[in-house]
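This is start-v3.cif (mmCIF, C-alpha atoms).
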data_work
loop_
_atom_site.label_atom_id
_atom_site.label_comp_id
_atom_site.auth_asym_id
_atom_site.auth_seq_id
_atom_site.Cartn_x
_atom_site.Cartn_y
_atom_site.Cartn_z
CA MET A 616 -25.10 -8.78 -9.47
CA LYS A 617 -21.92 -10.18 -7.97
CA PRO A 618 -19.13 -12.17 -9.54
CA PRO A 619 -18.98 -15.90 -8.78
CA PRO A 620 -16.08 -17.07 -6.58
CA PHE A 621 -12.63 -17.37 -8.12
CA GLU A 622 -9.09 -18.12 -7.06
CA TYR A 623 -7.06 -14.95 -6.82
CA TYR A 624 -3.35 -14.41 -7.38
CA ALA A 625 -1.56 -11.08 -7.23
CA PRO A 626 1.95 -11.71 -8.54
CA THR A 627 4.60 -9.00 -8.44
CA THR A 628 6.63 -10.15 -11.45
CA VAL A 629 5.83 -11.11 -15.04
CA GLU A 630 7.60 -14.42 -14.44
CA GLU A 631 5.17 -15.34 -11.66
CA ALA A 632 2.17 -14.10 -13.67
CA VAL A 633 2.93 -16.23 -16.73
CA ALA A 634 3.58 -19.22 -14.46
CA HIS A 635 0.02 -18.88 -13.09
CA LEU A 636 -1.36 -18.54 -16.62
CA ALA A 637 0.60 -21.61 -17.77
CA GLU A 638 -0.73 -23.62 -14.86
CA HIS A 639 -4.39 -22.67 -15.23
CA GLY A 640 -4.73 -22.20 -19.01
CA TYR A 641 -8.26 -21.47 -20.19
CA ASP A 642 -9.55 -21.28 -16.59
CA ALA A 643 -7.49 -18.18 -15.88
CA LYS A 644 -7.89 -14.55 -16.89
CA PRO A 645 -5.35 -11.80 -16.36
CA LEU A 646 -6.89 -8.81 -14.55
CA ALA A 647 -5.53 -5.49 -15.82
CA GLY A 648 -7.46 -2.30 -14.95
CA GLY A 649 -10.66 -4.31 -14.65
CA GLN A 650 -12.82 -1.70 -16.38
CA SER A 651 -14.17 -4.23 -18.90
CA LEU A 652 -13.51 -7.58 -17.21
CA ILE A 653 -15.10 -6.71 -13.86
CA PRO A 654 -18.39 -5.49 -15.42
CA MET A 655 -18.48 -8.76 -17.38
CA MET A 656 -17.85 -10.67 -14.16
CA ASN A 657 -20.46 -8.66 -12.25
CA PHE A 658 -23.01 -9.74 -14.83
CA ARG A 659 -21.53 -13.24 -14.91
CA LEU A 660 -20.91 -12.95 -18.64
CA ALA A 661 -17.36 -13.95 -17.74
CA GLN A 662 -16.73 -16.49 -15.00
CA PRO A 663 -13.01 -17.14 -14.83
CA ALA A 664 -12.09 -19.71 -12.19
CA VAL A 665 -8.76 -17.99 -11.61
CA LEU A 666 -7.85 -14.31 -11.72
CA VAL A 667 -4.24 -13.27 -12.12
CA ASP A 668 -4.15 -9.64 -10.98
CA LEU A 669 -1.43 -7.71 -12.83
CA ASN A 670 -1.80 -4.51 -10.82
CA ASN A 671 1.17 -5.18 -8.54
CA ILE A 672 3.62 -5.86 -11.36
CA ALA A 673 5.68 -2.67 -11.46
CA GLU A 674 7.76 -3.80 -14.46
CA LEU A 675 4.67 -3.64 -16.70
CA SER A 676 4.08 0.04 -16.09
CA PHE A 677 6.39 2.38 -18.01
CA ILE A 678 6.65 4.89 -20.81
CA ARG A 679 10.02 5.18 -22.48
CA PRO A 680 11.60 6.33 -25.72
CA GLY A 681 11.72 3.66 -28.40
CA ASP A 682 14.10 3.28 -31.34
CA GLU A 683 14.62 6.21 -33.72
CA GLY A 684 12.01 8.48 -32.20
CA GLY A 685 9.45 5.79 -31.40
CA LEU A 686 7.77 5.07 -28.13
CA SER A 687 7.36 2.08 -25.87
CA ILE A 688 4.53 1.74 -23.35
CA GLY A 689 4.14 -0.96 -20.70
CA ALA A 690 0.85 -2.83 -20.90
CA MET A 691 -0.18 -1.96 -17.33
CA THR A 692 0.35 1.78 -17.80
CA ARG A 693 -2.92 3.43 -16.86
CA HIS A 694 -4.79 5.56 -19.41
CA GLN A 695 -4.48 8.55 -17.15
CA THR A 696 -0.69 8.20 -16.95
CA VAL A 697 -0.42 7.99 -20.74
CA GLU A 698 -2.79 10.97 -21.03
CA LYS A 699 -0.56 13.21 -18.91
CA ASP A 700 2.82 12.08 -20.20
CA ALA A 701 5.03 14.64 -21.97
CA LEU A 702 6.97 12.06 -23.98
CA VAL A 703 3.73 10.64 -25.36
CA ALA A 704 2.60 14.14 -26.35
CA GLU A 705 5.90 14.73 -28.13
CA ARG A 706 6.37 11.37 -29.84
CA ALA A 707 2.86 10.05 -30.32
CA PRO A 708 0.53 13.03 -30.75
CA LEU A 709 -2.30 10.81 -31.98
CA ILE A 710 -2.14 8.74 -28.78
CA ASP A 711 -2.02 11.97 -26.78
CA GLU A 712 -5.15 13.19 -28.55
CA THR A 713 -6.86 9.81 -28.14
CA MET A 714 -6.47 9.40 -24.40
CA PRO A 715 -8.95 12.06 -23.15
CA GLN A 716 -11.56 10.59 -25.49
CA ILE A 717 -11.42 7.16 -23.86
CA ALA A 718 -14.36 6.59 -21.51
CA THR A 719 -14.52 8.89 -18.47
CA ARG A 720 -11.92 10.05 -15.99
CA GLN A 721 -13.15 7.50 -13.42
CA ILE A 722 -12.41 4.76 -15.95
CA ARG A 723 -9.12 6.22 -17.17
CA SER A 724 -7.78 6.34 -13.63
CA ARG A 725 -7.88 2.52 -13.50
CA GLY A 726 -8.01 1.33 -17.11
CA THR A 727 -4.76 0.34 -18.79
CA ILE A 728 -3.51 0.54 -22.36
CA GLY A 729 -2.73 -3.19 -22.48
CA GLY A 730 -6.06 -4.14 -20.95
CA SER A 731 -7.95 -2.17 -23.55
CA LEU A 732 -5.97 -3.72 -26.42
CA ALA A 733 -6.19 -7.29 -25.10
CA HIS A 734 -9.96 -6.87 -24.63
CA ALA A 735 -10.14 -6.22 -28.42
CA ASP A 736 -13.37 -4.27 -28.40
CA PRO A 737 -13.96 -2.92 -31.94
CA SER A 738 -15.36 0.29 -30.45
CA ALA A 739 -12.22 0.95 -28.39
CA GLU A 740 -10.19 3.89 -29.61
CA LEU A 741 -6.78 2.34 -28.88
CA VAL A 742 -7.56 -0.76 -30.92
CA SER A 743 -7.95 1.18 -34.19
CA VAL A 744 -5.32 3.76 -33.26
CA SER A 745 -2.68 1.07 -32.66
CA VAL A 746 -3.42 -0.44 -36.07
CA VAL A 747 -3.23 2.91 -37.86
CA LEU A 748 0.03 3.75 -36.09
CA ASP A 749 1.46 0.36 -37.12
CA GLY A 750 2.19 -0.57 -33.50
CA LYS A 751 3.76 -3.82 -32.40
CA PHE A 752 2.86 -5.78 -29.29
CA ARG A 753 5.27 -7.81 -27.18
CA VAL A 754 3.53 -10.92 -25.97
CA VAL A 755 5.15 -13.07 -23.28
CA SER A 756 4.59 -16.53 -21.89
CA GLN A 757 6.63 -19.09 -19.99
CA LYS A 758 7.95 -20.30 -23.34
CA GLY A 759 9.39 -16.92 -24.30
CA GLU A 760 8.17 -13.88 -26.14
CA ARG A 761 6.97 -12.85 -29.59
CA TRP A 762 6.22 -9.55 -31.30
CA VAL A 763 2.86 -9.25 -33.06
CA PRO A 764 2.00 -6.34 -35.40
CA ALA A 765 -1.23 -4.59 -34.35
CA SER A 766 -2.69 -5.30 -37.79
CA GLU A 767 -2.43 -9.06 -37.06
CA PHE A 768 -3.27 -8.97 -33.35
CA PHE A 769 -7.04 -8.52 -33.56
CA LEU A 770 -8.95 -11.54 -34.86
CA GLY A 771 -12.53 -10.46 -34.26
CA LEU A 772 -15.06 -9.39 -31.71
CA PHE A 773 -13.28 -9.42 -28.31
CA THR A 774 -10.79 -11.86 -29.79
CA SER A 775 -7.05 -11.46 -30.25
CA VAL A 776 -4.17 -13.79 -31.06
CA LEU A 777 -3.33 -14.04 -27.34
CA GLU A 778 -3.22 -17.65 -26.18
CA PRO A 779 -4.53 -18.40 -22.68
CA GLU A 780 -1.00 -18.69 -21.30
CA GLU A 781 0.16 -15.45 -22.91
CA LEU A 782 0.31 -11.95 -21.56
CA LEU A 783 0.44 -8.67 -23.49
CA ALA A 784 3.48 -6.93 -21.99
CA GLU A 785 4.45 -3.96 -24.11
CA ILE A 786 3.22 -1.74 -26.92
CA SER A 787 5.83 -0.33 -29.28
CA LEU A 788 5.02 2.52 -31.66
CA PRO A 789 7.26 3.61 -34.54
CA PRO A 790 7.97 7.32 -35.03
CA LEU A 791 5.54 9.21 -37.25
CA PRO A 792 6.86 9.64 -40.80
CA ASP A 793 7.75 13.18 -41.92
CA ARG A 794 4.95 15.18 -43.53
CA SER A 795 2.23 13.18 -41.84
CA GLY A 796 -1.00 14.24 -40.18
CA TRP A 797 -3.58 12.40 -38.14
CA SER A 798 -7.15 12.55 -36.98
CA LEU A 799 -9.46 10.66 -34.64
CA MET A 800 -13.16 11.43 -34.86
CA GLU A 801 -16.09 9.73 -33.16
CA ILE A 802 -19.81 10.16 -32.91
CA ALA A 803 -21.50 9.08 -29.69
CA ARG A 804 -24.90 9.92 -28.24
CA ARG A 805 -23.21 10.97 -25.02
CA PRO A 806 -19.63 12.19 -24.88
CA HIS A 807 -17.28 9.39 -23.76
CA ASP A 808 -19.83 6.65 -24.30
CA PHE A 809 -19.18 3.81 -26.77
CA CYS A 810 -19.22 5.46 -30.19
CA LEU A 811 -21.79 4.73 -32.87
CA ILE A 812 -18.99 5.07 -35.37
CA GLY A 813 -15.46 6.40 -35.32
CA VAL A 814 -12.55 6.79 -37.67
CA VAL A 815 -8.80 7.12 -37.27
CA ALA A 816 -6.64 8.37 -40.12
CA LEU A 817 -2.94 8.86 -40.60
CA VAL A 818 -1.84 10.36 -43.92
CA THR A 819 1.67 10.97 -45.22
CA LEU A 820 2.39 13.38 -48.06
CA ASP A 821 5.03 13.25 -50.76
CA GLU A 822 7.03 16.30 -51.79
CA GLU A 823 4.26 17.53 -54.10
CA GLN A 824 1.84 17.24 -51.16
CA ASN A 825 0.03 14.37 -52.80
CA CYS A 826 -0.91 11.38 -50.70
CA LYS A 827 2.06 9.06 -50.27
CA GLN A 828 0.36 6.73 -47.83
CA ALA A 829 -2.95 6.65 -45.99
CA ARG A 830 -3.76 4.40 -43.06
CA ILE A 831 -7.39 4.45 -42.04
CA ALA A 832 -9.39 2.35 -39.59
CA PHE A 833 -12.99 2.55 -38.44
CA LEU A 834 -14.32 1.92 -34.91
CA SER A 835 -17.69 0.23 -34.23
CA ALA A 836 -17.88 -0.66 -37.91
CA GLY A 837 -17.45 -4.43 -37.82
CA ASP A 838 -16.00 -7.30 -35.82
CA GLY A 839 -12.64 -5.63 -35.30
CA PRO A 840 -10.72 -2.51 -36.20
CA MET A 841 -11.89 -2.12 -39.82
CA GLN A 842 -8.90 -1.14 -41.91
CA ALA A 843 -9.94 0.84 -44.97
CA GLN A 844 -7.49 -0.51 -47.50
CA ASN A 845 -9.64 0.18 -50.54
CA ALA A 846 -10.08 3.79 -49.49
CA ALA A 847 -6.34 4.09 -48.93
CA LYS A 848 -5.72 2.92 -52.51
CA VAL A 849 -8.04 5.64 -53.81
CA LEU A 850 -5.98 8.26 -52.01
CA GLU A 851 -2.47 7.11 -52.79
CA GLY A 852 -0.72 9.31 -55.33
CA GLN A 853 -3.64 11.74 -55.43
CA PRO A 854 -3.93 15.35 -54.23
CA PHE A 855 -6.22 15.85 -51.23
CA THR A 856 -9.01 17.59 -53.12
CA PRO A 857 -12.55 17.45 -51.69
CA GLU A 858 -13.51 15.21 -54.63
CA VAL A 859 -10.76 12.65 -53.94
CA ILE A 860 -11.55 12.68 -50.22
CA GLN A 861 -15.22 12.17 -50.96
CA GLU A 862 -14.48 9.28 -53.29
CA ALA A 863 -12.22 7.64 -50.68
CA ALA A 864 -14.94 7.96 -48.02
CA GLU A 865 -17.54 6.47 -50.35
CA VAL A 866 -15.27 3.55 -51.23
CA ALA A 867 -14.57 2.95 -47.53
CA VAL A 868 -18.26 2.88 -46.70
CA ALA A 869 -19.10 0.64 -49.65
CA SER A 870 -16.31 -1.89 -49.38
CA ASP A 871 -14.13 -1.54 -46.26
CA ILE A 872 -16.58 -1.57 -43.36
CA ASP A 873 -19.33 -3.86 -42.18
CA PRO A 874 -21.36 -2.09 -39.51
CA SER A 875 -24.34 -3.80 -37.90
CA SER A 876 -27.66 -2.55 -36.59
CA ASP A 877 -28.45 -2.42 -32.91
CA ILE A 878 -30.64 -0.53 -30.48
CA HIS A 879 -28.45 2.59 -30.86
CA ALA A 880 -28.27 2.91 -34.65
CA THR A 881 -29.06 1.10 -37.87
CA ALA A 882 -26.27 -0.14 -40.13
CA ASP A 883 -27.40 2.38 -42.79
CA PHE A 884 -27.15 5.26 -40.35
CA ARG A 885 -23.71 4.06 -39.28
CA ARG A 886 -22.62 4.00 -42.93
CA HIS A 887 -23.90 7.54 -43.38
CA LEU A 888 -21.98 8.69 -40.30
CA ALA A 889 -18.86 6.82 -41.43
CA ASN A 890 -18.93 8.64 -44.77
CA VAL A 891 -19.30 12.10 -43.22
CA LEU A 892 -16.77 11.41 -40.48
CA ALA A 893 -14.18 9.91 -42.85
CA GLN A 894 -14.30 13.04 -45.02
CA ARG A 895 -13.83 15.28 -42.02
CA ALA A 896 -11.04 13.16 -40.58
CA LEU A 897 -9.14 12.90 -43.86
CA THR A 898 -9.43 16.64 -44.34
CA GLN A 899 -8.09 17.29 -40.85
CA ALA A 900 -5.27 14.75 -41.25
CA PHE A 901 -4.26 16.32 -44.58
CA GLU A 902 -4.29 19.86 -43.16
CA ARG A 903 -2.08 18.75 -40.30
CA ALA A 904 0.29 16.92 -42.64
CA VAL A 905 0.76 20.11 -44.67
CA GLY A 906 1.87 21.89 -41.52
CA ASN A 907 4.31 19.16 -40.49
CA MET B 257 -16.37 -19.99 -0.48
CA SER B 258 -12.88 -19.21 -1.67
CA ASP B 259 -9.96 -18.34 0.58
CA LEU B 260 -10.05 -15.20 2.64
CA PHE B 261 -7.42 -12.52 2.14
CA ASN B 262 -6.11 -10.07 4.69
CA LEU B 263 -6.91 -6.55 3.67
CA SER B 264 -5.37 -3.47 5.29
CA LEU B 265 -6.33 -0.11 3.90
CA THR B 266 -7.05 3.47 4.87
CA VAL B 267 -10.56 4.81 4.44
CA ASN B 268 -11.26 8.47 5.18
CA GLY B 269 -8.01 8.67 7.13
CA ALA B 270 -8.74 5.68 9.38
CA ALA B 271 -6.87 2.38 9.11
CA TYR B 272 -8.92 -0.80 8.75
CA GLU B 273 -8.00 -4.47 8.70
CA ARG B 274 -10.48 -7.03 7.50
CA GLN B 275 -10.57 -10.45 5.91
CA VAL B 276 -12.33 -10.59 2.55
CA GLU B 277 -13.23 -13.00 -0.19
CA PRO B 278 -11.49 -11.93 -3.42
CA ARG B 279 -14.78 -11.56 -5.28
CA LEU B 280 -16.06 -8.88 -2.88
CA LEU B 281 -16.35 -5.56 -4.71
CA LEU B 282 -14.86 -2.49 -3.06
CA SER B 283 -18.29 -0.82 -3.23
CA ASP B 284 -19.86 -3.66 -1.23
CA PHE B 285 -16.92 -3.79 1.17
CA LEU B 286 -17.35 -0.10 1.99
CA ARG B 287 -21.09 -0.44 2.51
CA GLN B 288 -21.39 -3.86 4.14
CA ASN B 289 -18.12 -4.47 5.92
CA LEU B 290 -17.37 -0.89 6.99
CA GLY B 291 -20.94 0.42 7.18
CA LEU B 292 -20.07 3.40 4.98
CA THR B 293 -23.34 3.46 3.07
CA GLY B 294 -22.72 6.89 1.55
CA THR B 295 -21.17 5.15 -1.44
CA HIS B 296 -24.16 4.13 -3.54
CA VAL B 297 -24.42 1.13 -5.81
CA GLY B 298 -26.31 1.75 -9.04
CA CYS B 299 -25.47 -0.10 -12.22
CA GLU B 300 -22.51 -2.21 -11.07
CA HIS B 301 -20.91 -2.02 -14.48
CA GLY B 302 -19.16 1.31 -14.46
CA VAL B 303 -21.73 3.46 -16.22
CA CYS B 304 -23.74 5.36 -13.60
CA GLY B 305 -20.98 6.78 -11.42
CA ALA B 306 -22.95 6.47 -8.16
CA CYS B 307 -20.21 4.39 -6.53
CA THR B 308 -17.37 6.80 -7.37
CA ILE B 309 -14.76 7.07 -4.64
CA LEU B 310 -11.27 8.52 -4.55
CA PHE B 311 -8.68 5.75 -4.83
CA ASP B 312 -5.29 7.18 -3.87
CA GLY B 313 -6.79 10.58 -4.67
CA GLU B 314 -8.13 9.68 -8.11
CA PRO B 315 -11.82 9.24 -8.86
CA ALA B 316 -12.61 5.60 -9.63
CA ARG B 317 -15.61 3.27 -9.77
CA SER B 318 -15.64 1.24 -6.57
CA CYS B 319 -17.86 -1.35 -8.29
CA LEU B 320 -15.00 -2.05 -10.73
CA ILE B 321 -12.34 -2.71 -8.11
CA PHE B 322 -12.18 -5.79 -5.93
CA ALA B 323 -11.80 -4.93 -2.25
CA VAL B 324 -8.70 -7.09 -2.07
CA GLN B 325 -7.07 -4.79 -4.65
CA ALA B 326 -7.31 -1.89 -2.21
CA HIS B 327 -4.75 -3.54 0.07
CA GLY B 328 -2.24 -0.86 1.07
CA HIS B 329 -4.21 1.90 -0.66
CA GLU B 330 -6.09 4.97 0.48
CA VAL B 331 -9.80 5.46 -0.15
CA LEU B 332 -11.92 8.55 0.35
CA THR B 333 -15.70 8.25 0.37
CA VAL B 334 -18.34 10.95 0.68
CA GLU B 335 -18.28 10.39 4.47
CA GLY B 336 -14.71 11.69 4.45
CA MET B 337 -15.59 14.99 2.77
CA GLY B 338 -17.63 16.69 5.47
CA THR B 339 -20.02 16.05 8.35
CA ILE B 340 -23.65 17.04 8.80
CA ASP B 341 -22.56 19.87 11.09
CA ASN B 342 -19.62 20.84 8.96
CA LEU B 343 -20.35 20.29 5.29
CA HIS B 344 -17.65 20.62 2.67
CA PRO B 345 -18.16 23.80 0.57
CA LEU B 346 -18.97 21.53 -2.38
CA GLN B 347 -21.72 19.85 -0.35
CA GLU B 348 -23.02 23.24 0.82
CA ALA B 349 -23.17 24.41 -2.78
CA PHE B 350 -25.18 21.34 -3.84
CA TRP B 351 -27.60 22.06 -1.00
CA GLU B 352 -27.93 25.78 -1.76
CA ALA B 353 -28.22 25.43 -5.55
CA HIS B 354 -30.63 22.45 -5.40
CA GLY B 355 -28.04 20.22 -7.05
CA LEU B 356 -30.00 17.14 -6.02
CA GLN B 357 -33.51 15.83 -5.65
CA CYS B 358 -33.52 12.19 -4.58
CA GLY B 359 -29.81 12.27 -3.74
CA PHE B 360 -28.94 8.81 -4.99
CA CYS B 361 -26.34 10.03 -7.46
CA THR B 362 -25.00 12.81 -5.23
CA PRO B 363 -22.12 11.02 -3.46
CA GLY B 364 -20.72 10.03 -6.86
CA PHE B 365 -21.00 13.58 -8.16
CA LEU B 366 -19.28 14.98 -5.08
CA THR B 367 -16.36 12.56 -5.19
CA THR B 368 -15.96 13.15 -8.94
CA LEU B 369 -16.02 16.91 -8.52
CA LEU B 370 -13.71 17.24 -5.53
CA PRO B 371 -10.45 16.58 -7.42
CA PHE B 372 -11.84 18.34 -10.50
CA LEU B 373 -12.37 21.60 -8.62
CA GLU B 374 -9.07 21.30 -6.81
CA GLU B 375 -7.29 21.05 -10.16
CA ASN B 376 -9.51 23.50 -12.01
CA PRO B 377 -10.74 26.17 -9.56
CA ASP B 378 -12.53 28.25 -12.20
CA PRO B 379 -14.05 25.85 -14.74
CA SER B 380 -16.18 26.86 -17.71
CA GLU B 381 -19.67 25.40 -18.08
CA GLU B 382 -18.38 23.14 -20.85
CA GLU B 383 -15.59 21.84 -18.63
CA ILE B 384 -18.09 21.18 -15.84
CA ARG B 385 -20.37 19.21 -18.15
CA GLU B 386 -17.40 17.25 -19.41
CA ALA B 387 -16.31 16.51 -15.83
CA ILE B 388 -19.69 15.11 -14.82
CA SER B 389 -20.22 13.13 -18.03
CA GLY B 390 -19.48 9.89 -16.19
CA ASN B 391 -22.21 10.42 -13.60
CA LEU B 392 -25.89 9.85 -14.25
CA CYS B 393 -28.64 11.83 -12.52
CA ARG B 394 -32.23 11.00 -13.36
CA CYS B 395 -33.86 13.81 -11.35
CA THR B 396 -32.29 17.16 -12.02
CA GLY B 397 -31.62 17.37 -15.75
CA TYR B 398 -28.11 18.41 -14.65
CA GLN B 399 -28.79 22.16 -14.84
CA HIS B 400 -28.91 22.61 -11.07
CA ILE B 401 -25.88 20.39 -10.68
CA VAL B 402 -23.95 22.63 -13.07
CA ASP B 403 -25.15 25.66 -11.08
CA ALA B 404 -24.01 23.94 -7.87
CA VAL B 405 -20.55 23.31 -9.30
CA LYS B 406 -20.22 26.97 -10.31
CA LEU B 407 -21.25 28.01 -6.79
CA ALA B 408 -18.90 25.46 -5.26
CA ALA B 409 -16.01 26.73 -7.36
CA GLU B 410 -16.72 30.23 -6.05
CA LYS B 411 -16.87 29.03 -2.45
CA MET B 412 -13.72 26.95 -2.77
CA ARG B 413 -11.77 29.84 -4.30
CA THR B 414 -12.45 32.09 -1.30
#
Translate this structure into structure tokens?
Amino acid sequence: MKPPPFEYYAPTTVEEAVAHLAEHGYDAKPLAGGQSLIPMMNFRLAQPAVLVDLNNIAELSFIRPGDEGGLSIGAMTRHQTVEKDALVAERAPLIDETMPQIATRQIRSRGTIGGSLAHADPSAELVSVSVVLDGKFRVVSQKGERWVPASEFFLGLFTSVLEPEELLAEISLPPLPDRSGWSLMEIARRPHDFCLIGVVALVTLDEEQNCKQARIAFLSAGDGPMQAQNAAKVLEGQPFTPEVIQEAAEVAVASDIDPSSDIHATADFRRHLANVLAQRALTQAFERAVGN
Amino acid sequence: MSDLFNLSLTVNGAAYERQVEPRLLLSDFLRQNLGLTGTHVGCEHGVCGACTILFDGEPARSCLIFAVQAHGHEVLTVEGMGTIDNLHPLQEAFWEAHGLQCGFCTPGFLTTLLPFLEENPDPSEEEIREAISGNLCRCTGYQHIVDAVKLAAEKMRT
């Protein structure tokens, strides 16, 4: 299959890019790494009349220190660049651990962090990871810019708060709190394929090593990154005993997620996997937090 | 038909200039416009790996890049690796270890493995399987491909 014809612009500045988006509105799509949009165009599931290629906009590709130990990543920074970056490894170890798990090397060489987030695929690692890390996204348009917390950015299946004339420009991550540990676990039939289920956890301990805060989100478990707020409440103030972890996982599966059945797995099987994986991930996150 | 764009790029060390429609995929450009049919087109949605090329030295799916995006860039296809009379050691190893049957997936495996072996000259079996996880082969069951990569690593080290 081949994509239908489209008008093509390859601006070199954000200013030019948002001008094209403002002019063409719903007819236009920004083209980031193209690793999700081009397959959709090849199958004609997406038929944008205008493509605004962001690949020549140097100002959208950067990794730099953020405030107070945080990190700031330009939306057009390629997965592979993030994967190999020393500052990311130092300041955002969960992102560092996530990158090699995203798709395959041939995809990571082109795919971008902003493209993956704007695509808002509930099975994408970065979508749930950005929510758990409490990231913020800088969104720009001709009218100006706004900052959107990751937890409010994703509206549903492949849907975000981005308006047609807006561009995701930058991802800002706060520093990890002291005494915190993290985990990302996925189950897929083939390594690097879309996961049947996945879970991301970030736990912070108080001075008695009880749970001060837990942020948990599931991948492929609903229409968006499924934040496990009920499970987090079970954990807060409690010691990380196997019993508490098991209860949190059971609460998450019963009330925080909404997986569906498809050709790859039934909803029941996904719930089973989510339970097992959540217990493993919380255990790993806790063990790491103790060491930090 | 939409407007044509001027495209200048380097493929296998040679400079080319062509005019292309923006919707033309790099995979189709290589095959149809340049006649480099070594790059195979399988799934056209980034899953099978048959169309893998090196884009500025990095393995990438040529079916997920528009040709026009290669303007000013450097592409290496399987034709740039070796010739029939002078195969690349990686190609020799695939031949000797029976790393292919029908050969459809082979160019994608070779282009994926070339940078992998250059960066990791002595990979473990697990690392090899990880490296080829983005390439589908329906003939071999992968065992002979893994054997070929081990042999290639040996050849490339000496």
Under the rule of at most 10 Å, produce a per-residue listing of chain A near chain B: chain, number, name, the closest pair of atoms, and the distance in Å, as CSV, using all atoms listed in the file.
residue,atom,partner,partner_atom,distance
A:Met616,CA,B:Glu300,CA,7.2
A:Lys617,CA,B:Arg279,CA,7.8
A:Pro618,CA,B:Arg279,CA,6.1
A:Pro619,CA,B:Arg279,CA,7.0
A:Pro620,CA,B:Arg279,CA,5.8
A:Phe621,CA,B:Ser258,CA,6.7
A:Glu622,CA,B:Ser258,CA,6.7
A:Tyr623,CA,B:Pro278,CA,6.3
A:Tyr624,CA,B:Pro278,CA,9.4
A:Ala625,CA,B:Gln325,CA,8.8
A:Gly648,CA,B:Ile321,CA,8.4
A:Gly649,CA,B:Leu320,CA,6.3
A:Gln650,CA,B:Leu320,CA,6.1
A:Ser651,CA,B:His301,CA,8.4
A:Leu652,CA,B:Leu320,CA,8.6
A:Ile653,CA,B:Leu320,CA,5.6
A:Pro654,CA,B:His301,CA,4.4
A:Met655,CA,B:His301,CA,7.7
A:Met656,CA,B:His301,CA,9.2
A:Asn657,CA,B:Glu300,CA,6.9
A:Phe658,CA,B:His301,CA,8.0
A:Leu666,CA,B:Pro278,CA,9.4
A:Asp668,CA,B:Gln325,CA,8.5
A:Asn670,CA,B:Gln325,CA,8.1
A:Asn671,CA,B:Gln325,CA,9.1
A:Gln695,CA,B:Glu314,CA,9.8
A:Ala718,CA,B:Gly390,CA,8.1
A:Thr719,CA,B:Gly390,CA,5.5
A:Arg720,CA,B:Pro315,CA,7.2
A:Gln721,CA,B:Ala316,CA,4.3
A:Ile722,CA,B:Ala316,CA,6.4
A:Arg723,CA,B:Ala316,CA,8.3
A:Ser724,CA,B:Ala316,CA,6.3
A:Arg725,CA,B:Ala316,CA,6.8
A:Gly726,CA,B:Ala316,CA,9.8
A:Arg805,CA,B:Ser389,CA,7.9
A:Pro806,CA,B:Ser389,CA,6.9
A:His807,CA,B:Ser389,CA,7.4
A:Asp808,CA,B:Gly390,CA,8.7
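For the choices A:Gly730, A:Gly813, A:Gly771, A:Pro789, the atom-to-atom distance to Pro680 in chain A is smallest for A:Pro789 when using only C-alpha atoms.
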Please list as a ChimeraX atom specification every residue within 9 Å of range 834-836 of chain A, counting all atoms listed in the file and excluding residues in the same chain fewer than 4 positions away.
/A:736-740,742-743,801,809-815,840-841,872-875,882,885-886,889
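From CA of Val776 in chain A back to CA of Val629 in chain A, the distance works out to 19.1 Å.
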Spell out the residues picked by the PyMOL selection byres ((chain A and resi 706) around 10) here, as JSON, numbers by chain.
{"A": [680, 681, 684, 685, 686, 701, 702, 703, 704, 705, 707, 708, 709, 710, 711, 788, 789, 790, 791]}
Tell me which residues the PyMOL selection byres ((chain B and resi 409) around 10) grabs here, as a VMD selection string.
chain B and resid 345 to 346 349 369 to 370 372 to 374 376 to 379 403 to 408 410 to 414
Leu783 in chain A surroundings by only C-alpha atoms, 10 Å radius, close-in-sequence under 3 positions cut, as a ChimeraX atom specification:
/A:645,675,689-691,729-730,732-733,752-756,760-763,777,786
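For the atom pair formed by CA of Ser264 in chain B and CA of Leu782 in chain A, the distance is 28.7 Å, given to one decimal.
Atom pair CA of Ala664 in chain A / CA of Ser775 in chain A has a distance of 20.5 Å (rounded to one decimal).
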With 4 Å of padding per side, what axis-aligned box (centre and edge lengths, Å, one decimal) covers all the listed atoms of range 364-381 of chain B? Give it as lines of an AutoDock Vina configuration file.
center_x = -14.1
center_y = 19.1
center_z = -11.6
size_x = 21.7
size_y = 26.2
size_z = 21.0
Could you list as a PDB file with C-alpha atoms, in the frame of the given file every residue that has an atom within 8 Å of (-7.3, -4.7, -37.7), using the file's coordinates and counting all atoms listed in the file?
ATOM      1  CA  VAL A 742      -7.560  -0.760 -30.920  1.00  0.00           C
ATOM      2  CA  SER A 743      -7.950   1.180 -34.190  1.00  0.00           C
ATOM      3  CA  VAL A 746      -3.420  -0.440 -36.070  1.00  0.00           C
ATOM      4  CA  ALA A 765      -1.230  -4.590 -34.350  1.00  0.00           C
ATOM      5  CA  SER A 766      -2.690  -5.300 -37.790  1.00  0.00           C
ATOM      6  CA  GLU A 767      -2.430  -9.060 -37.060  1.00  0.00           C
ATOM      7  CA  PHE A 768      -3.270  -8.970 -33.350  1.00  0.00           C
ATOM      8  CA  PHE A 769      -7.040  -8.520 -33.560  1.00  0.00           C
ATOM      9  CA  LEU A 770      -8.950 -11.540 -34.860  1.00  0.00           C
ATOM     10  CA  ALA A 832      -9.390   2.350 -39.590  1.00  0.00           C
ATOM     11  CA  GLY A 839     -12.640  -5.630 -35.300  1.00  0.00           C
ATOM     12  CA  PRO A 840     -10.720  -2.510 -36.200  1.00  0.00           C
ATOM     13  CA  MET A 841     -11.890  -2.120 -39.820  1.00  0.00           C
ATOM     14  CA  GLN A 842      -8.900  -1.140 -41.910  1.00  0.00           C
TER      15      GLN A 842
END
